[in-house]
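Q: What follows is a structure written as structure tokens; I'll ask about it next.
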Amino acid sequence: MANIAEIAFNMCLARIGFDAPTTTYIVSQGFKTADEFASLPTAAFDGMMKAITRAPQATGRGAANAITFPYLAQRNLKTFRMWIDYRTLRGQSTNPDEFNDAALAKWNKRREDLEAAESTAKSMPPTAPPPLNNTDDWDTFEELFLTYLRSFRSIVGGMPLSYVVRPNEDVTPEALATVYEDLDQDLYNTASLSDDVFRANNAQVYNLIKGLVFNGSARYLITKYDATLNGRAAFLA
């Protein structure tokens with residue numbers, strides 16, 4: 001018998017557009033609950049969808065229970081996964097009952113915005129600031145580097161990488177309770193700076209910084225972070 005978490009996930013799959021046979025099939029692939037679905041790496045989502053949409057199709061009398069993957073439902077499932085990532089980054093519950101129609105509409109817009117940003121980044125790659133050859137030029141470099149960082153987005157959550165070097169390290173209850181103008185600003189203030197997502201983004205920031213100070217007088221300030229790839233510490237140094 002399905003437990004509460006399994007029932008909630010099944011109901012969520014139905015809300016976002018999958019019929020009963022397809023919902024059953026998705027669950028049979030190892031995704032019985034939202035938590036199990038969240039255990040799938042974000043980068044593996046598209047591969048998972050390609051795999052499960054190759055489900056064997058019934059014929060004859062069994063065709064009434066055919067497994068189908070409507071395009072809109074697939075998009076909604078990706079949107080649901082983005083919502084899960086957001087809640088996880090903020091340390092919040094991923095109860096699928098909370099992914100209601102309003103949340104679906106909000107996060108469909110977020111998905112579309114991120115897809116547009118990705119398309120723009122491909123057509124207009126970000127321009128790096130001039131290398132920091134002298135620490136006396138830090139103020140100008142800092143402003144240009146932060147602008148550069150905003151051109152890169154986290155694979156998980158989609159927030160600009162500038163969140164890695166934000167002034168406040170800890171996320172306060174007040175920050176979580178604040179209503180922000182957009183989700184980029186939200187995650188800038190509320191995404192954890194201690195989870196695996198941060199560690200991956202932190203390493204990317206380090207590589208970006210190192211490439212811009214390597215031949216200058218600031219290089220000696222960050223050499224101790226070469227082993228840990230600590231971009232936040234290097235930036236603050």
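Just so we're on the same page: first chain in the structure tokens is A, next is B, and so on; residues restart at 1 for each chain, and ligands are numbered from 1 in the order they show up.
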List as a CSV table (one decimal) with C-alpha atoms, in the first residue's frame the protein and nucleic acid residues near segment 8-15 of chain A, meaning an atom at most 7 Å away when only C-alpha atoms are counted, but skip any in the same chain fewer than 4 places from it.
A:
```csv
chain,number,residue,atom,x,y,z
A,4,ILE,CA,1.4,9.5,2.2
A,19,ASP,CA,-2.5,10.0,-17.0
A,23,THR,CA,2.1,7.9,-13.7
A,33,THR,CA,8.2,9.9,-3.9
A,34,ALA,CA,9.3,13.5,-4.5
A,96,PRO,CA,4.6,18.0,-3.6
A,97,ASP,CA,1.2,19.0,-2.2
```
Q: How would you write, as a ChimeraX atom specification, the set of residues in segment 163-233 of chain A that DSSP gives as alpha helix (DSSP H)?
A: /A:173-177,183-190,196-213,219-222,231-233
Q: Please determine, counting only C-alpha atoms, which residue among A:Tyr180, A:Phe152, A:Phe45, A:Phe31 has the shortest atom-to-atom distance to Ile7 of chain A.
A: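 Using only C-alpha atoms, the shortest distance to Ile7 of chain A belongs to A:Phe31.
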Q: Report, in Å to a single decimal, how far apart atom CA of Gly91 of chain A and atom CA of Tyr188 of chain A are.
A: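 Pair atom CA of Tyr188 of chain A / atom CA of Gly91 of chain A returns 14.1 Å.
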Q: Near segment 69-72 of chain A, counting only C-alpha atoms, which residues have an atom at most 9 Å away, once you skip same-chain residues fewer than 5 positions from it, shown as a PDB file with all heavy atoms, in the first residue's frame?
A:
```pdb
ATOM      1  N   ILE A  16       0.172  17.703 -13.075  1.00  0.00           N
ATOM      2  CA  ILE A  16       0.986  18.350 -14.107  1.00  0.00           C
ATOM      3  C   ILE A  16       0.777  17.739 -15.494  1.00  0.00           C
ATOM      4  O   ILE A  16       1.413  18.175 -16.454  1.00  0.00           O
ATOM      5  CB  ILE A  16       2.484  18.346 -13.747  1.00  0.00           C
ATOM      6  CG1 ILE A  16       3.035  16.930 -13.644  1.00  0.00           C
ATOM      7  CG2 ILE A  16       2.716  19.090 -12.459  1.00  0.00           C
ATOM      8  CD1 ILE A  16       4.517  16.908 -13.265  1.00  0.00           C
ATOM      9  N   GLY A  17      -0.133  16.737 -15.584  1.00  0.00           N
ATOM     10  CA  GLY A  17      -0.568  16.332 -16.914  1.00  0.00           C
ATOM     11  C   GLY A  17      -0.352  14.894 -17.325  1.00  0.00           C
ATOM     12  O   GLY A  17      -0.595  14.545 -18.488  1.00  0.00           O
ATOM     13  N   PHE A  18       0.097  14.009 -16.417  1.00  0.00           N
ATOM     14  CA  PHE A  18       0.286  12.608 -16.777  1.00  0.00           C
ATOM     15  C   PHE A  18      -0.955  11.805 -16.400  1.00  0.00           C
ATOM     16  O   PHE A  18      -1.523  11.988 -15.317  1.00  0.00           O
ATOM     17  CB  PHE A  18       1.516  12.028 -16.069  1.00  0.00           C
ATOM     18  CG  PHE A  18       2.819  12.632 -16.540  1.00  0.00           C
ATOM     19  CD1 PHE A  18       3.532  13.497 -15.728  1.00  0.00           C
ATOM     20  CD2 PHE A  18       3.309  12.331 -17.802  1.00  0.00           C
ATOM     21  CE1 PHE A  18       4.729  14.057 -16.163  1.00  0.00           C
ATOM     22  CE2 PHE A  18       4.496  12.884 -18.242  1.00  0.00           C
ATOM     23  CZ  PHE A  18       5.214  13.755 -17.432  1.00  0.00           C
ATOM     24  N   ASP A  19      -1.355  10.885 -17.300  1.00  0.00           N
ATOM     25  CA  ASP A  19      -2.514  10.044 -16.980  1.00  0.00           C
ATOM     26  C   ASP A  19      -2.083   8.917 -16.051  1.00  0.00           C
ATOM     27  O   ASP A  19      -0.898   8.747 -15.732  1.00  0.00           O
ATOM     28  CB  ASP A  19      -3.181   9.518 -18.254  1.00  0.00           C
ATOM     29  CG  ASP A  19      -2.245   8.669 -19.118  1.00  0.00           C
ATOM     30  OD1 ASP A  19      -1.207   8.196 -18.593  1.00  0.00           O
ATOM     31  OD2 ASP A  19      -2.541   8.476 -20.312  1.00  0.00           O
ATOM     32  N   THR A  22       0.651   6.286 -17.226  1.00  0.00           N
ATOM     33  CA  THR A  22       1.984   6.880 -17.328  1.00  0.00           C
ATOM     34  C   THR A  22       2.541   7.210 -15.951  1.00  0.00           C
ATOM     35  O   THR A  22       3.736   7.028 -15.688  1.00  0.00           O
ATOM     36  CB  THR A  22       1.946   8.150 -18.200  1.00  0.00           C
ATOM     37  OG1 THR A  22       1.315   7.833 -19.452  1.00  0.00           O
ATOM     38  CG2 THR A  22       3.349   8.668 -18.467  1.00  0.00           C
ATOM     39  N   THR A  53      10.682   7.848 -21.883  1.00  0.00           N
ATOM     40  CA  THR A  53       9.720   8.037 -22.975  1.00  0.00           C
ATOM     41  C   THR A  53       9.857   6.958 -24.034  1.00  0.00           C
ATOM     42  O   THR A  53       9.052   6.903 -24.968  1.00  0.00           O
ATOM     43  CB  THR A  53       9.883   9.419 -23.628  1.00  0.00           C
ATOM     44  OG1 THR A  53      11.244   9.612 -24.014  1.00  0.00           O
ATOM     45  CG2 THR A  53       9.467  10.524 -22.686  1.00  0.00           C
ATOM     46  N   LEU A  77       6.933  18.676 -15.720  1.00  0.00           N
ATOM     47  CA  LEU A  77       7.743  17.845 -14.836  1.00  0.00           C
ATOM     48  C   LEU A  77       9.120  18.489 -14.619  1.00  0.00           C
ATOM     49  O   LEU A  77       9.653  18.472 -13.500  1.00  0.00           O
ATOM     50  CB  LEU A  77       7.904  16.445 -15.429  1.00  0.00           C
ATOM     51  CG  LEU A  77       8.664  15.431 -14.561  1.00  0.00           C
ATOM     52  CD1 LEU A  77       7.939  15.203 -13.236  1.00  0.00           C
ATOM     53  CD2 LEU A  77       8.837  14.103 -15.308  1.00  0.00           C
TER      54      LEU A  77
END
```
Q: With a distance cut-off of 10 Å and only C-alpha atoms, select the neighbouring residues of Gln29 of chain A, excluding the residue or stretch itself and same-chain residues fewer than 5 positions from it, and output the selection as a list in words.
A: Thr24, Met48 and Ile52 of chain A
Q: Write out as a ChimeraX atom specification which residues come within 9 Å of Arg199 of chain A when counting only C-alpha atoms, dropping same-chain ones fewer than 6 positions away.
A: /A:193,229-230
Q: Could you dump the residues just selected with N, CA, C and O atoms as a PDB file, in the first residue's frame?
A:
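Saved result, again37.pdb, follows:
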```
ATOM      1  N   LEU A 193      25.333  28.467   1.431  1.00  0.00           N
ATOM      2  CA  LEU A 193      26.746  28.569   1.056  1.00  0.00           C
ATOM      3  C   LEU A 193      27.545  27.432   1.698  1.00  0.00           C
ATOM      4  O   LEU A 193      28.731  27.589   2.014  1.00  0.00           O
ATOM      5  N   LEU A 229      40.035  25.232  -4.229  1.00  0.00           N
ATOM      6  CA  LEU A 229      39.216  25.924  -5.241  1.00  0.00           C
ATOM      7  C   LEU A 229      38.143  26.780  -4.559  1.00  0.00           C
ATOM      8  O   LEU A 229      36.987  26.777  -4.954  1.00  0.00           O
ATOM      9  N   ASN A 230      38.553  27.517  -3.543  1.00  0.00           N
ATOM     10  CA  ASN A 230      37.614  28.316  -2.758  1.00  0.00           C
ATOM     11  C   ASN A 230      37.491  29.711  -3.355  1.00  0.00           C
ATOM     12  O   ASN A 230      38.217  30.636  -3.002  1.00  0.00           O
TER      13      ASN A 230
END
```
Q: From the set A:Pro41, A:Gly157, A:Glu169, A:Ala218, which residue has the shortest atom-to-atom contact distance to Thr88 of chain A, counting only C-alpha atoms?
A: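 Of A:Pro41, A:Gly157, A:Glu169, A:Ala218, the one nearest Thr88 of chain A is A:Gly157, counting only C-alpha atoms.
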